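Novice: What follows is a structure written as structure tokens; I'll ask about it next.
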Amino acid sequence: MTAARAPRHDDRRRTFPALPPRPGAEGDFAASWWGNAWVESMEDTALDTARLRRGRAYAGGGHVDAITVTPGKVTAYVHGSRPRPYRTEIRLRTLDEAGWEDLLDSAAARPDHIAALLDKDMPHSLAEVAGLLPGPGDLTPDCSCPDDGYPCKHAAALCYQTARLLDEDPFVLFLMRGRGEQEVLADLTRRNAARSAVERTAAAPAMPTVAAGAALAARGLPALPPPFPVPAGPGQPPDFPQAPGAPDPLALDLLATEAAARAHAFLSTGIDPVAALTPWQDAVRLAAAHPGSGLTASTRALYRDLAAATDRTPMDLARAVAAWRQGGFAGLAVLETPWDPPAGPFDRARPALIAADFPHFRPWRNHLSTDTLQLRFGQDGLWYGYESDRGREDWWPRGTPDTDPVGALTALLGR
């Protein structure tokens, strides 16, 4: 007799248990902006608002059974006035290959997008790429009931309950458009790994050699060679394999990289670059040394453990890492410490930006801001670029610091 096989996980088919009733809900049915955008795409094309009200009441009253989501389709049984429930579904278009390429390239290019998705949040700018959220007329309802309304109350109820699923997990929206969560994360990991490989590739220093015959010849030992010169940079550790019972490869890589960097600093300067850092600054430095952190289970665990050890959240750490990669210790100080700069370069910045035909910026301490762009003046005399989605006040470091505010803004905008 053969042993029973374990059930195979299907990343492109997810079934969610029936959601508990939520009677008496007023205002927006969903809690997230993307959940309400899903509802609006149906409401904007509905032909009968009375059916929408009945569907909303059905959803709030728990009439919708378990919901199954597959690419291009959301299906559930909805209980109506008859004993037998109706089979109801909502169909929508899946993304083609070009659409997925645009969407994944956009997500991989910005660490704040990846951090937001892992925190179950959907950035506005990412949702706009390739039409991830449905627009008016994109949702096609269908139901086994005799009502020919568009939509019927059963399809409306399914749409409202689906919005609650999207509140809890925006990756459900990716599945509706054609790809499951694990498939999306694996693709993002591959794209990030390719970028990281380019960043971390370095030529190995040439090592002097001695011929074997000369070394074994019967003669006196030669004088010791002079000490090797200090290499231009620390070496890269080997690839550590994943093996049962062995230490975590990511932890080994982290320790080896850290030891090489500190040893190189001692050889070059005689100073330990880590000794003066606080635990939080050191945690940011360690996370910033690993460009792929936050994608795989191992690297997500690194962010989680470092954040927990310093009483911060993984999102706090991701933002601080972006600041460290932008400007090191000075970049982190610009992120975390507003200050009042003296008159001079800061006061000349706004006229210079206006003369360069950039928008008018609002000053606050060492910040100059518009709705989506921000420049911060650091105590090192450099201008640092920041960006946020409109109306979010969720600023993320971007671009290259510059002594000229116009140059920093040009780098931020990619001109």
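Each chain in the structure tokens gets a letter, A, B, ..., in the order shown, and its residues are numbered from 1; ligands are numbered from 1 in order too.
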Write out as JSON lines the residues of segment 181-281 of chain A that have any atom within 7 Å of an atom of segment 97-117 of chain A, one row each with the nearest atom pair and its distance in Å to one decimal, counting only C-alpha atoms, sorted by chain and then rising number.

Specialist:
```
{"residue": "A:Leu188", "atom": "CA", "partner": "A:Ala108", "partner_atom": "CA", "distance": 5.9}
{"residue": "A:Arg191", "atom": "CA", "partner": "A:Ala108", "partner_atom": "CA", "distance": 6.9}
{"residue": "A:Asn192", "atom": "CA", "partner": "A:Ala108", "partner_atom": "CA", "distance": 6.5}
```

Novice: Write a file of the just-selected residues containing all heavy atoms, as a short mmCIF file (atom, residue, chain, number, x, y, z; two decimals), in the first residue's frame.

Specialist:
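Now in part.cif:
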```cif
data_model
loop_
_atom_site.label_atom_id
_atom_site.label_comp_id
_atom_site.auth_asym_id
_atom_site.auth_seq_id
_atom_site.Cartn_x
_atom_site.Cartn_y
_atom_site.Cartn_z
N LEU A 188 9.76 38.91 -7.70
CA LEU A 188 10.42 40.08 -7.14
C LEU A 188 11.79 39.72 -6.57
O LEU A 188 12.75 40.48 -6.69
CB LEU A 188 9.55 40.70 -6.04
CG LEU A 188 8.28 41.41 -6.52
CD1 LEU A 188 7.46 41.86 -5.31
CD2 LEU A 188 8.63 42.61 -7.38
N ARG A 191 14.30 39.37 -9.45
CA ARG A 191 14.70 40.68 -10.00
C ARG A 191 15.65 41.39 -9.04
O ARG A 191 16.62 42.01 -9.46
CB ARG A 191 13.45 41.54 -10.24
CG ARG A 191 12.57 41.03 -11.36
CD ARG A 191 11.19 41.68 -11.35
NE ARG A 191 10.30 40.99 -12.27
CZ ARG A 191 10.05 41.39 -13.51
NH1 ARG A 191 10.61 42.49 -13.97
NH2 ARG A 191 9.24 40.71 -14.29
N ASN A 192 15.36 41.30 -7.75
CA ASN A 192 16.22 41.96 -6.77
C ASN A 192 17.57 41.28 -6.68
O ASN A 192 18.60 41.93 -6.51
CB ASN A 192 15.52 41.98 -5.40
CG ASN A 192 16.11 43.00 -4.48
OD1 ASN A 192 17.17 42.79 -3.92
ND2 ASN A 192 15.41 44.12 -4.31
#
```

Novice: Residues of segment 227-357 of chain A classed as helix (DSSP H, G or I) by DSSP on the backbone are to be reported as a ChimeraX atom specification.

Specialist: /A:249-269,279-288,297-309,314-336,345-355

Novice: Can you pull out every residue from segment 56-86 of chain A that DSSP, working from the backbone, puts in strand (DSSP E or B), and format the result as a VMD selection string?

Specialist: chain A and resid 64 to 70 73 to 78 86

Novice: How would the residues just picked look written out with N, CA and C atoms as a PDB file, in the first residue's frame?

Specialist:
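Contents of the output file part.pdb:
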```
ATOM      1  N   VAL A  64     -23.214  35.531   2.466  1.00  0.00           N
ATOM      2  CA  VAL A  64     -22.235  35.050   1.488  1.00  0.00           C
ATOM      3  C   VAL A  64     -21.402  33.933   2.112  1.00  0.00           C
ATOM      4  N   ASP A  65     -21.406  32.756   1.462  1.00  0.00           N
ATOM      5  CA  ASP A  65     -20.610  31.621   1.947  1.00  0.00           C
ATOM      6  C   ASP A  65     -19.124  31.831   1.611  1.00  0.00           C
ATOM      7  N   ALA A  66     -18.345  30.751   1.736  1.00  0.00           N
ATOM      8  CA  ALA A  66     -16.903  30.818   1.451  1.00  0.00           C
ATOM      9  C   ALA A  66     -16.665  31.367   0.045  1.00  0.00           C
ATOM     10  N   ILE A  67     -15.624  32.177  -0.090  1.00  0.00           N
ATOM     11  CA  ILE A  67     -15.298  32.834  -1.360  1.00  0.00           C
ATOM     12  C   ILE A  67     -14.041  32.187  -1.943  1.00  0.00           C
ATOM     13  N   THR A  68     -14.106  31.803  -3.217  1.00  0.00           N
ATOM     14  CA  THR A  68     -12.950  31.233  -3.923  1.00  0.00           C
ATOM     15  C   THR A  68     -12.461  32.237  -4.959  1.00  0.00           C
ATOM     16  N   VAL A  69     -11.149  32.504  -4.924  1.00  0.00           N
ATOM     17  CA  VAL A  69     -10.535  33.466  -5.844  1.00  0.00           C
ATOM     18  C   VAL A  69      -9.554  32.719  -6.742  1.00  0.00           C
ATOM     19  N   THR A  70      -9.703  32.862  -8.041  1.00  0.00           N
ATOM     20  CA  THR A  70      -8.783  32.322  -9.038  1.00  0.00           C
ATOM     21  C   THR A  70      -8.503  33.440 -10.041  1.00  0.00           C
ATOM     22  N   LYS A  73     -11.432  35.569 -11.683  1.00  0.00           N
ATOM     23  CA  LYS A  73     -12.766  35.165 -11.220  1.00  0.00           C
ATOM     24  C   LYS A  73     -12.836  35.117  -9.689  1.00  0.00           C
ATOM     25  N   VAL A  74     -13.987  35.570  -9.138  1.00  0.00           N
ATOM     26  CA  VAL A  74     -14.314  35.461  -7.717  1.00  0.00           C
ATOM     27  C   VAL A  74     -15.667  34.755  -7.630  1.00  0.00           C
ATOM     28  N   THR A  75     -15.734  33.638  -6.892  1.00  0.00           N
ATOM     29  CA  THR A  75     -16.935  32.808  -6.876  1.00  0.00           C
ATOM     30  C   THR A  75     -17.363  32.517  -5.440  1.00  0.00           C
ATOM     31  N   ALA A  76     -18.702  32.468  -5.210  1.00  0.00           N
ATOM     32  CA  ALA A  76     -19.243  32.091  -3.898  1.00  0.00           C
ATOM     33  C   ALA A  76     -20.717  31.719  -4.067  1.00  0.00           C
ATOM     34  N   TYR A  77     -21.245  30.999  -3.084  1.00  0.00           N
ATOM     35  CA  TYR A  77     -22.679  30.757  -2.994  1.00  0.00           C
ATOM     36  C   TYR A  77     -23.278  31.806  -2.075  1.00  0.00           C
ATOM     37  N   VAL A  78     -24.383  32.424  -2.524  1.00  0.00           N
ATOM     38  CA  VAL A  78     -25.025  33.499  -1.769  1.00  0.00           C
ATOM     39  C   VAL A  78     -26.453  33.077  -1.460  1.00  0.00           C
ATOM     40  N   TYR A  86     -27.622  30.592  -4.344  1.00  0.00           N
ATOM     41  CA  TYR A  86     -27.309  30.835  -5.744  1.00  0.00           C
ATOM     42  C   TYR A  86     -25.795  30.865  -5.943  1.00  0.00           C
TER      43      TYR A  86
END
```

Novice: Using only C-alpha atoms, find the one residue out of A:Trp34, A:Ala322, A:Trp339, A:Phe240 that sits nearest to Ser125 of chain A.

Specialist: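 Residue with the minimum atom-to-atom distance to Ser125 of chain A: A:Trp34.
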
Novice: Mind pulling up the distance from atom CA of Ala260 of chain A to atom CA of Gly233 of chain A?

Specialist: 9.2 Å

Novice: Calculated over only C-alpha atoms, which of the candidates A:Ala211, A:Leu132, A:Val39, A:Leu254 has the smallest distance to Ala157 of chain A?

Specialist: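 Checking each candidate against Ala157 of chain A, we get A:Val39 as the closest.
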
Novice: Between atom CA of Ala330 of chain A and atom CA of Tyr384 of chain A, what distance in Å does the model show, to one decimal?

Specialist: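 Result for atom CA of Ala330 of chain A versus atom CA of Tyr384 of chain A: 10.1 Å, one decimal.
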
Novice: Can you work out which one of A:Ala37, A:Ala355, A:Ala232, A:Leu412 has the shortest atom-to-atom distance to Ser268 of chain A, counting only C-alpha atoms?

Specialist: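 Going through A:Ala37, A:Ala355, A:Ala232, A:Leu412 one by one, the smallest distance to Ser268 of chain A is for A:Ala232.
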
Novice: Could you tell me which of A:Gly72, A:Pro226, A:Gly61, A:Pro397 comes closest to Leu95 of chain A if we count only C-alpha atoms?

Specialist: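 Using only C-alpha atoms, Leu95 of chain A sits closest to A:Gly72.
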
Novice: Would you list the contacts of Ala408 of chain A as a compact mmCIF listing (two decimals) with N, CA, C and O atoms, in the first residue's frame, taking every protein, DNA or RNA residue within 10 Å and counting only C-alpha atoms, but skipping same-chain residues closer than 2 positions in sequence?

Specialist:
```
# COMPACT_ATOMS: atom_id res chain seq x y z
N LEU A 375 12.70 68.23 -0.07
CA LEU A 375 14.14 68.35 0.07
C LEU A 375 14.45 68.61 1.53
O LEU A 375 13.79 69.45 2.17
N ARG A 376 15.45 67.91 2.08
CA ARG A 376 15.86 68.12 3.46
C ARG A 376 17.34 68.53 3.46
O ARG A 376 18.18 67.89 2.83
N LEU A 382 24.54 69.02 2.67
CA LEU A 382 23.97 68.40 1.48
C LEU A 382 22.45 68.45 1.52
O LEU A 382 21.84 68.46 2.60
N TRP A 383 21.84 68.47 0.33
CA TRP A 383 20.38 68.39 0.19
C TRP A 383 20.00 66.95 -0.15
O TRP A 383 20.58 66.34 -1.05
N TYR A 384 19.01 66.43 0.55
CA TYR A 384 18.56 65.04 0.40
C TYR A 384 17.13 65.04 -0.14
O TYR A 384 16.26 65.76 0.37
N GLY A 385 16.88 64.21 -1.19
CA GLY A 385 15.57 64.13 -1.79
C GLY A 385 14.68 63.10 -1.11
O GLY A 385 15.14 62.03 -0.71
N TYR A 386 13.39 63.43 -1.00
CA TYR A 386 12.38 62.52 -0.44
C TYR A 386 11.15 62.56 -1.34
O TYR A 386 10.90 63.53 -2.06
N ARG A 398 14.94 59.22 -1.50
CA ARG A 398 15.21 58.80 -2.88
C ARG A 398 16.22 59.74 -3.49
O ARG A 398 16.37 60.89 -3.08
N GLY A 399 16.92 59.30 -4.52
CA GLY A 399 17.86 60.14 -5.24
C GLY A 399 19.22 60.21 -4.55
O GLY A 399 19.50 59.52 -3.58
N THR A 400 20.07 61.09 -5.07
CA THR A 400 21.44 61.25 -4.60
C THR A 400 21.60 62.61 -3.94
O THR A 400 21.20 63.63 -4.52
N PRO A 401 22.20 62.69 -2.73
CA PRO A 401 22.40 63.99 -2.09
C PRO A 401 23.30 64.89 -2.94
O PRO A 401 24.16 64.42 -3.69
N ASP A 402 23.09 66.19 -2.81
CA ASP A 402 23.83 67.16 -3.61
C ASP A 402 23.99 68.44 -2.81
O ASP A 402 23.13 68.79 -1.99
N THR A 403 25.10 69.17 -3.05
CA THR A 403 25.27 70.48 -2.40
C THR A 403 24.32 71.52 -2.97
O THR A 403 24.08 72.55 -2.34
N ASP A 404 23.77 71.24 -4.15
CA ASP A 404 22.87 72.17 -4.83
C ASP A 404 21.44 71.62 -4.73
O ASP A 404 21.18 70.48 -5.14
N PRO A 405 20.46 72.38 -4.20
CA PRO A 405 19.09 71.86 -4.11
C PRO A 405 18.50 71.52 -5.46
O PRO A 405 17.73 70.56 -5.58
N VAL A 406 18.85 72.30 -6.51
CA VAL A 406 18.34 71.99 -7.84
C VAL A 406 18.91 70.66 -8.33
O VAL A 406 18.21 69.83 -8.92
N THR A 410 16.74 67.37 -9.22
CA THR A 410 16.88 66.77 -10.55
C THR A 410 17.18 65.27 -10.44
O THR A 410 16.63 64.45 -11.18
N ALA A 411 18.06 64.89 -9.48
CA ALA A 411 18.35 63.46 -9.26
C ALA A 411 17.12 62.72 -8.78
O ALA A 411 16.88 61.58 -9.16
N LEU A 412 16.32 63.36 -7.92
CA LEU A 412 15.12 62.73 -7.40
C LEU A 412 14.12 62.46 -8.52
O LEU A 412 13.48 61.41 -8.58
N LEU A 413 13.98 63.40 -9.46
CA LEU A 413 13.03 63.26 -10.54
C LEU A 413 13.56 62.44 -11.70
O LEU A 413 12.86 62.17 -12.66
N GLY A 414 14.86 62.07 -11.66
CA GLY A 414 15.46 61.26 -12.71
C GLY A 414 15.67 61.99 -14.01
O GLY A 414 15.67 61.39 -15.08
```

Novice: Pick the closest to His154 of chain A from A:Pro170, A:Gly55, A:Gly180, A:Gly245: which is it, counting only C-alpha atoms?

Specialist: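 Answer, going by the shortest atom-to-atom distance: A:Gly55.
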
Novice: Can you pull out the residues contacting Pro134 of chain A? Cut-off 9 Å, using only C-alpha atoms, and skip same-chain residues under 6 positions away; I want them as an mmCIF file with C-alpha atoms, in the first residue's frame.

Specialist:
```
data_model
loop_
_atom_site.group_PDB
_atom_site.id
_atom_site.type_symbol
_atom_site.label_atom_id
_atom_site.label_comp_id
_atom_site.auth_asym_id
_atom_site.auth_seq_id
_atom_site.Cartn_x
_atom_site.Cartn_y
_atom_site.Cartn_z
ATOM 1 C CA ALA A 37 -11.981 51.405 -5.028
ATOM 2 C CA TRP A 38 -13.053 47.811 -5.781
ATOM 3 C CA SER A 41 -15.908 50.059 -9.777
ATOM 4 C CA MET A 42 -19.178 48.108 -9.402
ATOM 5 C CA LEU A 92 -12.452 40.584 -14.467
ATOM 6 C CA ARG A 93 -9.598 40.793 -16.958
#
```

Novice: Could you tell me how far atom CA of Gly327 of chain A sits from atom CA of His360 of chain A, in Å to one decimal place?

Specialist: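 Result for atom CA of His360 of chain A versus atom CA of Gly327 of chain A: 25.3 Å, one decimal.
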
Novice: List the neighbours of Pro351 of chain A out to 10 Å using only C-alpha atoms; skip same-chain residues closer than 6 positions along the sequence, and give me the result as a PyMOL selection string.

Specialist: chain A and resi 357-358+360-361

Novice: With only C-alpha atoms as the basis for distance, which of A:Ala218, A:Val230, A:Ala287, A:Ile271 is at the shortest distance from Thr257 of chain A?

Specialist: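 The answer is A:Ala287, which sits nearest to Thr257 of chain A.
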